[in-house]
file entry-v4.cif (mmCIF, C-alpha atoms and all ligand atoms)
data_upload
#
loop_
_atom_site.label_atom_id
_atom_site.label_comp_id
_atom_site.auth_asym_id
_atom_site.auth_seq_id
_atom_site.Cartn_x
_atom_site.Cartn_y
_atom_site.Cartn_z
CA MET A 1 105.05 100.38 64.96
CA SER A 2 104.99 102.56 61.84
CA LEU A 3 102.04 102.38 59.46
CA LEU A 4 104.50 101.66 56.63
CA GLU A 5 107.91 100.22 57.34
CA VAL A 6 110.26 99.46 54.45
CA ASN A 7 113.55 97.72 55.15
CA GLY A 8 116.45 96.87 52.86
CA LEU A 9 114.51 96.87 49.61
CA ASN A 10 116.45 95.77 46.51
CA SER A 11 114.61 95.86 43.18
CA TYR A 12 115.72 95.02 39.66
CA TYR A 13 114.48 95.23 36.08
CA GLY A 14 116.04 92.08 34.62
CA ASP A 15 119.71 92.35 35.51
CA SER A 16 119.62 96.10 36.20
CA HIS A 17 119.83 96.78 39.91
CA ILE A 18 117.60 99.84 40.50
CA LEU A 19 116.90 100.11 44.25
CA PHE A 20 119.72 99.56 46.74
CA ASP A 21 118.78 98.73 50.34
CA VAL A 22 115.99 101.29 50.44
CA SER A 23 114.65 101.72 53.97
CA LEU A 24 112.01 104.24 54.99
CA HIS A 25 108.95 104.59 57.16
CA VAL A 26 105.68 106.50 57.10
CA GLU A 27 103.76 107.10 60.31
CA LYS A 28 100.00 107.21 60.54
CA ASN A 29 98.61 110.67 59.60
CA GLU A 30 101.91 111.79 58.09
CA VAL A 31 102.45 113.32 54.66
CA VAL A 32 105.81 112.02 53.46
CA ALA A 33 107.47 112.90 50.14
CA LEU A 34 109.99 110.98 48.05
CA LEU A 35 112.13 113.33 45.98
CA GLY A 36 114.88 112.70 43.46
CA ARG A 37 116.06 113.41 39.94
CA ASN A 38 114.54 111.72 36.88
CA GLY A 39 115.52 108.07 36.90
CA ALA A 40 116.47 108.04 40.61
CA GLY A 41 114.04 105.17 41.27
CA LYS A 42 111.01 106.92 42.76
CA SER A 43 108.38 105.20 40.61
CA THR A 44 110.20 101.89 41.04
CA THR A 45 109.94 102.35 44.81
CA PHE A 46 106.16 102.82 44.58
CA LYS A 47 105.88 99.85 42.20
CA SER A 48 107.91 97.75 44.64
CA LEU A 49 105.64 98.73 47.53
CA MET A 50 102.55 97.86 45.48
CA GLY A 51 103.90 94.50 44.29
CA VAL A 52 103.92 95.58 40.63
CA VAL A 53 107.70 95.14 40.69
CA LYS A 54 108.72 92.21 42.90
CA PRO A 55 111.53 93.30 45.23
CA ARG A 56 114.31 90.69 45.19
CA THR A 57 115.08 91.22 48.86
CA GLY A 58 113.71 93.34 51.67
CA SER A 59 110.58 93.84 53.65
CA VAL A 60 107.52 96.08 53.26
CA LYS A 61 105.29 96.06 56.30
CA MET A 62 101.98 97.88 56.61
CA ASP A 63 100.49 97.79 60.10
CA GLY A 64 102.96 94.98 60.81
CA VAL A 65 101.72 92.81 57.91
CA GLU A 66 104.38 91.73 55.39
CA LEU A 67 103.44 92.83 51.86
CA ALA A 68 106.60 91.83 49.97
CA GLY A 69 105.76 88.84 47.77
CA LYS A 70 102.02 89.54 47.76
CA LYS A 71 100.19 90.37 44.53
CA ALA A 72 99.23 93.96 43.71
CA HIS A 73 95.48 93.40 44.09
CA SER A 74 95.96 91.83 47.55
CA ILE A 75 98.14 94.75 48.61
CA ALA A 76 95.46 97.17 47.39
CA GLN A 77 92.82 95.25 49.33
CA LEU A 78 94.96 95.43 52.46
CA GLY A 79 94.76 99.23 52.22
CA MET A 80 97.47 100.62 49.97
CA GLN A 81 96.18 102.64 47.03
CA LEU A 82 98.39 103.96 44.25
CA VAL A 83 97.23 106.98 42.24
CA HIS A 84 99.18 106.55 39.01
CA GLU A 85 100.80 109.41 37.15
CA GLU A 86 98.56 108.59 34.19
CA ARG A 87 95.48 108.66 36.49
CA ARG A 88 93.65 105.64 35.01
CA ILE A 89 90.05 106.80 35.19
CA PHE A 90 87.29 105.48 32.92
CA GLY A 91 86.91 108.00 30.12
CA SER A 92 83.56 106.71 28.91
CA LEU A 93 81.96 106.81 32.38
CA THR A 94 80.75 109.91 34.21
CA VAL A 95 82.54 111.33 37.25
CA GLU A 96 79.89 109.87 39.52
CA GLU A 97 80.00 106.43 37.87
CA ASN A 98 83.78 106.40 38.21
CA ILE A 99 83.55 107.13 41.93
CA VAL A 100 80.70 104.74 42.71
CA LEU A 101 82.37 101.93 40.76
CA ALA A 102 85.65 102.36 42.64
CA GLY A 103 83.88 102.19 46.00
CA LEU A 104 81.70 99.15 45.30
CA THR A 105 83.68 96.66 47.34
CA ALA A 106 84.72 98.98 50.17
CA GLN A 107 82.96 99.51 53.48
CA ASN A 108 82.62 103.15 52.95
CA LYS A 109 84.04 105.81 55.19
CA TRP A 110 83.84 108.07 52.14
CA PRO A 111 80.25 108.18 50.88
CA ILE A 112 79.80 110.23 47.74
CA GLU A 113 78.46 113.26 49.69
CA ARG A 114 81.70 113.43 51.67
CA ILE A 115 83.74 113.11 48.46
CA TYR A 116 81.79 116.00 46.92
CA GLU A 117 82.38 118.11 50.04
CA MET A 118 86.11 117.55 49.66
CA PHE A 119 86.03 118.00 45.87
CA PRO A 120 83.31 120.59 45.05
CA ARG A 121 84.65 120.70 41.50
CA LEU A 122 83.78 117.01 41.03
CA LYS A 123 80.24 117.70 42.24
CA GLU A 124 79.84 120.39 39.58
CA ARG A 125 81.15 117.92 37.00
CA CYS A 126 79.39 114.81 38.32
CA LEU A 127 77.61 114.06 35.03
CA SER A 128 80.60 114.81 32.78
CA ARG A 129 82.46 111.92 31.20
CA GLY A 130 86.03 111.20 32.25
CA THR A 131 87.32 112.19 28.81
CA ASP A 132 85.73 115.66 29.12
CA LEU A 133 87.61 116.56 32.31
CA SER A 134 90.63 118.86 32.52
CA GLY A 135 93.92 117.41 33.77
CA GLY A 136 93.32 118.80 37.25
CA GLU A 137 89.79 117.40 37.40
CA GLN A 138 91.08 114.00 36.26
CA GLN A 139 93.65 114.08 39.04
CA MET A 140 90.93 114.92 41.58
CA LEU A 141 88.83 112.04 40.26
CA ALA A 142 91.78 109.65 40.46
CA ILE A 143 92.35 110.65 44.10
CA ALA A 144 88.61 110.37 44.86
CA ARG A 145 88.57 106.85 43.38
CA ALA A 146 91.45 105.87 45.66
CA LEU A 147 89.73 107.42 48.70
CA VAL A 148 86.44 105.56 48.37
CA ARG A 149 88.42 102.33 48.70
CA ASP A 150 89.15 103.49 52.24
CA PRO A 151 92.95 103.17 52.10
CA LYS A 152 95.29 103.14 55.07
CA ILE A 153 97.81 104.92 52.88
CA ILE A 154 97.57 106.66 49.51
CA LEU A 155 100.60 106.73 47.22
CA LEU A 156 100.47 109.74 44.89
CA ASP A 157 102.80 109.54 41.89
CA GLU A 158 103.53 113.10 40.72
CA PRO A 159 100.03 114.47 41.42
CA PHE A 160 100.89 118.01 40.27
CA GLU A 161 102.70 117.03 37.06
CA GLY A 162 101.67 119.14 34.08
CA LEU A 163 98.99 121.10 35.95
CA ALA A 164 98.57 124.89 36.02
CA PRO A 165 99.69 126.63 39.24
CA VAL A 166 96.13 127.54 40.25
CA ILE A 167 95.08 123.88 39.97
CA VAL A 168 98.16 122.80 41.92
CA GLN A 169 97.05 125.19 44.70
CA ASP A 170 93.60 123.63 44.68
CA LEU A 171 95.00 120.08 44.82
CA MET A 172 97.36 121.07 47.62
CA ARG A 173 94.39 122.36 49.60
CA ILE A 174 92.64 119.03 49.04
CA CYS A 175 95.73 117.08 50.14
CA ARG A 176 95.98 119.23 53.29
CA GLU A 177 92.32 118.64 54.11
CA LEU A 178 92.80 114.92 53.57
CA ALA A 179 95.78 114.95 55.93
CA GLN A 180 93.71 116.84 58.50
CA ALA A 181 91.00 114.21 58.13
CA GLY A 182 93.63 111.63 59.12
CA GLN A 183 94.57 110.28 55.69
CA THR A 184 98.19 109.14 55.45
CA ILE A 185 99.84 110.24 52.19
CA PHE A 186 103.12 109.20 50.57
CA LEU A 187 103.92 111.21 47.46
CA ILE A 188 106.46 111.50 44.69
CA GLU A 189 106.80 115.02 43.32
CA GLN A 190 109.14 117.05 41.14
CA ASN A 191 107.59 120.32 42.31
CA LEU A 192 109.87 121.06 45.25
CA ALA A 193 108.01 124.14 46.53
CA ALA A 194 104.68 122.32 46.58
CA THR A 195 106.25 119.27 48.21
CA LEU A 196 107.92 121.28 50.96
CA ALA A 197 104.67 123.14 51.62
CA LEU A 198 102.74 119.89 51.96
CA ALA A 199 105.00 117.22 53.46
CA ASN A 200 105.97 116.70 57.08
CA ARG A 201 109.05 114.64 56.16
CA VAL A 202 111.05 114.01 53.01
CA TYR A 203 113.36 111.33 51.62
CA ILE A 204 115.68 111.95 48.67
CA LEU A 205 116.58 109.08 46.36
CA SER A 206 119.80 109.30 44.38
CA ASN A 207 120.71 106.49 41.95
CA GLY A 208 118.49 104.10 43.85
CA HIS A 209 119.93 104.93 47.29
CA ILE A 210 118.25 106.93 50.05
CA ALA A 211 120.66 109.87 50.20
CA HIS A 212 118.82 112.17 52.58
CA GLU A 213 116.08 112.01 55.19
CA SER A 214 114.76 114.97 57.19
CA THR A 215 111.73 117.05 58.00
CA ALA A 216 110.55 119.29 55.18
CA LYS A 217 111.46 122.26 57.36
CA GLU A 218 115.06 121.07 57.74
CA LEU A 219 115.42 120.54 53.99
CA LYS A 220 114.24 124.11 53.35
CA SER A 221 117.21 125.36 55.33
CA GLN A 222 119.68 123.12 53.44
CA PRO A 223 119.95 124.59 49.92
CA GLU A 224 123.24 122.70 49.39
CA VAL A 225 121.43 119.35 49.80
CA VAL A 226 118.70 120.48 47.40
CA GLN A 227 121.35 121.59 44.91
CA ARG A 228 123.40 118.37 45.22
CA TYR A 229 120.56 115.88 44.82
CA LEU A 230 117.84 117.78 43.00
CA GLY A 231 119.89 120.32 41.07
CA VAL A 232 117.61 123.28 41.77
N1 LIG A 301 110.34 98.78 32.88
C1 LIG A 301 111.63 99.09 33.00
N2 LIG A 301 112.60 98.30 32.49
C2 LIG A 301 113.92 98.60 32.61
N3 LIG A 301 114.37 99.71 33.24
C3 LIG A 301 113.46 100.55 33.76
C4 LIG A 301 112.04 100.29 33.67
N4 LIG A 301 111.38 101.30 34.27
C5 LIG A 301 112.34 102.15 34.73
N5 LIG A 301 113.57 101.71 34.43
C6 LIG A 301 114.85 102.34 34.80
O1 LIG A 301 114.93 102.32 36.22
C7 LIG A 301 115.52 103.52 36.71
C8 LIG A 301 114.59 104.16 37.72
O2 LIG A 301 113.40 104.58 37.07
P1 LIG A 301 112.15 105.21 37.83
O3 LIG A 301 111.06 105.36 36.84
O4 LIG A 301 111.89 104.45 39.07
O5 LIG A 301 112.73 106.63 38.21
P2 LIG A 301 111.98 107.91 38.77
O6 LIG A 301 112.80 108.44 39.88
O7 LIG A 301 110.56 107.59 39.03
O8 LIG A 301 112.11 108.91 37.55
P3 LIG A 301 111.02 109.70 36.70
O9 LIG A 301 110.73 110.92 37.46
O10 LIG A 301 111.75 109.96 35.41
O11 LIG A 301 109.83 108.78 36.53
C9 LIG A 301 115.80 104.37 35.49
O12 LIG A 301 117.16 104.20 35.14
C10 LIG A 301 114.90 103.80 34.42
O13 LIG A 301 115.46 103.96 33.16
#

call {"tool": "encode", "arguments": {"input": "entry-v4.cif", "output": "structure tokens", "more": "lines below"}}
Ligand SMILES: Nc1ncnc2c1ncn2[C@@H]1O[C@H](COP(=O)(O)OP(=O)(O)OP(=O)(O)O)[C@@H](O)[C@H]1O
result
Amino acid sequence: MSLLEVNGLNSYYGDSHILFDVSLHVEKNEVVALLGRNGAGKSTTFKSLMGVVKPRTGSVKMDGVELAGKKAHSIAQLGMQLVHEERRIFGSLTVEENIVLAGLTAQNKWPIERIYEMFPRLKERCLSRGTDLSGGEQQMLAIARALVRDPKIILLDEPFEGLAPVIVQDLMRICRELAQAGQTIFLIEQNLAATLALANRVYILSNGHIAHESTAKELKSQPEVVQRYLGV
């Protein structure tokens, strides 16, 4: 049984059919990436998994438990955490308050000391307010807030978007360490090089259909697929 098993997902905004029979799976301890052009349906896929968009048909199973039809907060409690593109941290609270608050209701595999080991930059900034952080630091804090909720799977929506290359390198190191620590990660990314360096397997969405599925290594050796679906 896969950790996450998605079968025949169809999602709509009003009458617009956005996702067509999307099926995919993520195994425990895997890093899986969802690629695709702007508007392909990547964010809608994450929203459908999280119950923010209600899929009209299809099944989303995590550890064998059906999530389709459940509310977003129940899905989060069951162990799926979405790190939004816009990060959603509390600007008026300090780094440490943000982390502690996120972890209040969890039985914590990630005490604050372990978070600071993984994110030394957050330790240095522990007393800074959310609004005073750089984009990269905010992204680290958003990931840390997801981690302290002890998720079975973390969904990262464009974690490297708009960040300087040196920060992207730092975040990639963190994601690798998380994967080594056994954290399952499903990510959406536009940065193909970073994605291929990080992910074990990739799916490509094209106009709401899964158009390609392979290991990251296989995709690297298929420039024609990259060109056709990603235009790079
Ligand atoms: N709230 C909404 N209402 C109506 N249509 C929407 C809504 N959100 C997205 N769409 C449309 O759904 C399609 C898929 O959008 P989605 O955001 O899932 O794509 P994406 O692959 O994540 O792209 P991007 O990288 O630009 O975010 C697009 O055609 C988009 O215009």

call {"tool": "residues_around", "arguments": {"input": "entry-v4.cif", "residues": "Gln180 of chain A", "least_positions_apart": "4", "cutoff": "12 Å", "atoms": "all atoms listed in the file", "output": "short mmCIF file (atom, residue, chain, number, x, y, z; two decimals) with C-alpha atoms, keeping the file's coordinate frame"}}
result
data_model
loop_
_atom_site.label_atom_id
_atom_site.label_comp_id
_atom_site.auth_asym_id
_atom_site.auth_seq_id
_atom_site.Cartn_x
_atom_site.Cartn_y
_atom_site.Cartn_z
CA LYS A 28 100.00 107.21 60.54
CA ASN A 29 98.61 110.67 59.60
CA GLU A 30 101.91 111.79 58.09
CA VAL A 31 102.45 113.32 54.66
CA MET A 118 86.11 117.55 49.66
CA ARG A 173 94.39 122.36 49.60
CA ILE A 174 92.64 119.03 49.04
CA CYS A 175 95.73 117.08 50.14
CA ARG A 176 95.98 119.23 53.29
CA THR A 184 98.19 109.14 55.45
CA ILE A 185 99.84 110.24 52.19
CA LEU A 198 102.74 119.89 51.96
#

call {"tool": "closest_residue", "arguments": {"input": "entry-v4.cif", "among": "A:Ile18, A:Leu219, A:Ala199, A:Ala146", "to": "ligand LIG 301 (chain A)", "atoms": "all atoms listed in the file"}}
result
A:Ile18

call {"tool": "atom_distance", "arguments": {"input": "entry-v4.cif", "atom1": "atom CA of Leu205 of chain A", "atom2": "atom CA of Phe20 of chain A"}}
result
10.0 Å

call {"tool": "axis_aligned_box", "arguments": {"input": "entry-v4.cif", "around": "ligand LIG 301 (chain A)", "padding_each_side": "6 Å", "output": "lines of an AutoDock Vina configuration file"}}
result
center_x = 113.5
center_y = 104.6
center_z = 36.2
size_x = 19.3
size_y = 24.6
size_z = 19.4

call {"tool": "residues_near_ligand", "arguments": {"input": "entry-v4.cif", "ligand": "ligand LIG 301 (chain A)", "cutoff": "12 Å", "atoms": "all atoms listed in the file", "output": "MDAnalysis selection string"}}
result
chainID A and resid 11:20 34:49 52:53 84:86 156:159 161 187:191 204:210 229:230

call {"tool": "closest_residue", "arguments": {"input": "entry-v4.cif", "among": "A:Gly51, A:Pro151, A:Pro111, A:Gly162", "to": "Leu78 of chain A", "atoms": "all atoms listed in the file"}}
result
A:Pro151

call {"tool": "closest_residue", "arguments": {"input": "entry-v4.cif", "among": "A:Val26, A:Gln81, A:Pro55, A:Ala144", "to": "Glu117 of chain A", "atoms": "all atoms listed in the file"}}
result
A:Ala144

call {"tool": "closest_residue", "arguments": {"input": "entry-v4.cif", "among": "A:Lys54, A:Arg228, A:His212, A:Lys217", "to": "Asn200 of chain A", "atoms": "all atoms listed in the file"}}
result
A:Lys217

call {"tool": "closest_residue", "arguments": {"input": "entry-v4.cif", "among": "A:Leu127, A:Ile115, A:Ala142, A:Leu122", "to": "Ser92 of chain A", "atoms": "all atoms listed in the file"}}
result
A:Leu127

call {"tool": "atom_distance", "arguments": {"input": "entry-v4.cif", "atom1": "atom CA of Leu93 of chain A", "atom2": "atom CA of Pro120 of chain A"}}
result
18.8 Å

call {"tool": "closest_residue", "arguments": {"input": "entry-v4.cif", "among": "A:Lys61, A:Arg129, A:Lys70, A:Lys220", "to": "Gly91 of chain A", "atoms": "all atoms listed in the file"}}
result
A:Arg129

call {"tool": "atom_distance", "arguments": {"input": "entry-v4.cif", "atom1": "atom CA of Ser128 of chain A", "atom2": "atom CA of Ile167 of chain A"}}
result
18.5 Å

call {"tool": "residues_around", "arguments": {"input": "entry-v4.cif", "residues": "Leu141 of chain A", "least_positions_apart": "2", "cutoff": "8 Å", "atoms": "all atoms listed in the file", "output": "VMD selection string"}}
result
chain A and resid 89 95 98 to 99 122 137 to 139 143 to 145

call {"tool": "residues_around", "arguments": {"input": "entry-v4.cif", "residues": "Gly58 of chain A", "least_positions_apart": "6", "cutoff": "6 Å", "atoms": "only C-alpha atoms", "output": "list in words"}}
result
Asn7, Gly8 and Leu9 of chain A

call {"tool": "residues_around", "arguments": {"input": "entry-v4.cif", "residues": "Gly103 of chain A", "least_positions_apart": "3", "cutoff": "7 Å", "atoms": "all atoms listed in the file", "output": "PyMOL selection string"}}
result
chain A and resi 99-100+106+148-149

call {"tool": "write_last_selection", "arguments": {"input": "entry-v4.cif", "atoms": "C-alpha atoms", "output": "compact mmCIF listing (two decimals), keeping the file's coordinate frame"}}
result
# COMPACT_ATOMS: atom_id res chain seq x y z
CA ILE A 99 83.55 107.13 41.93
CA VAL A 100 80.70 104.74 42.71
CA ALA A 106 84.72 98.98 50.17
CA VAL A 148 86.44 105.56 48.37
CA ARG A 149 88.42 102.33 48.70
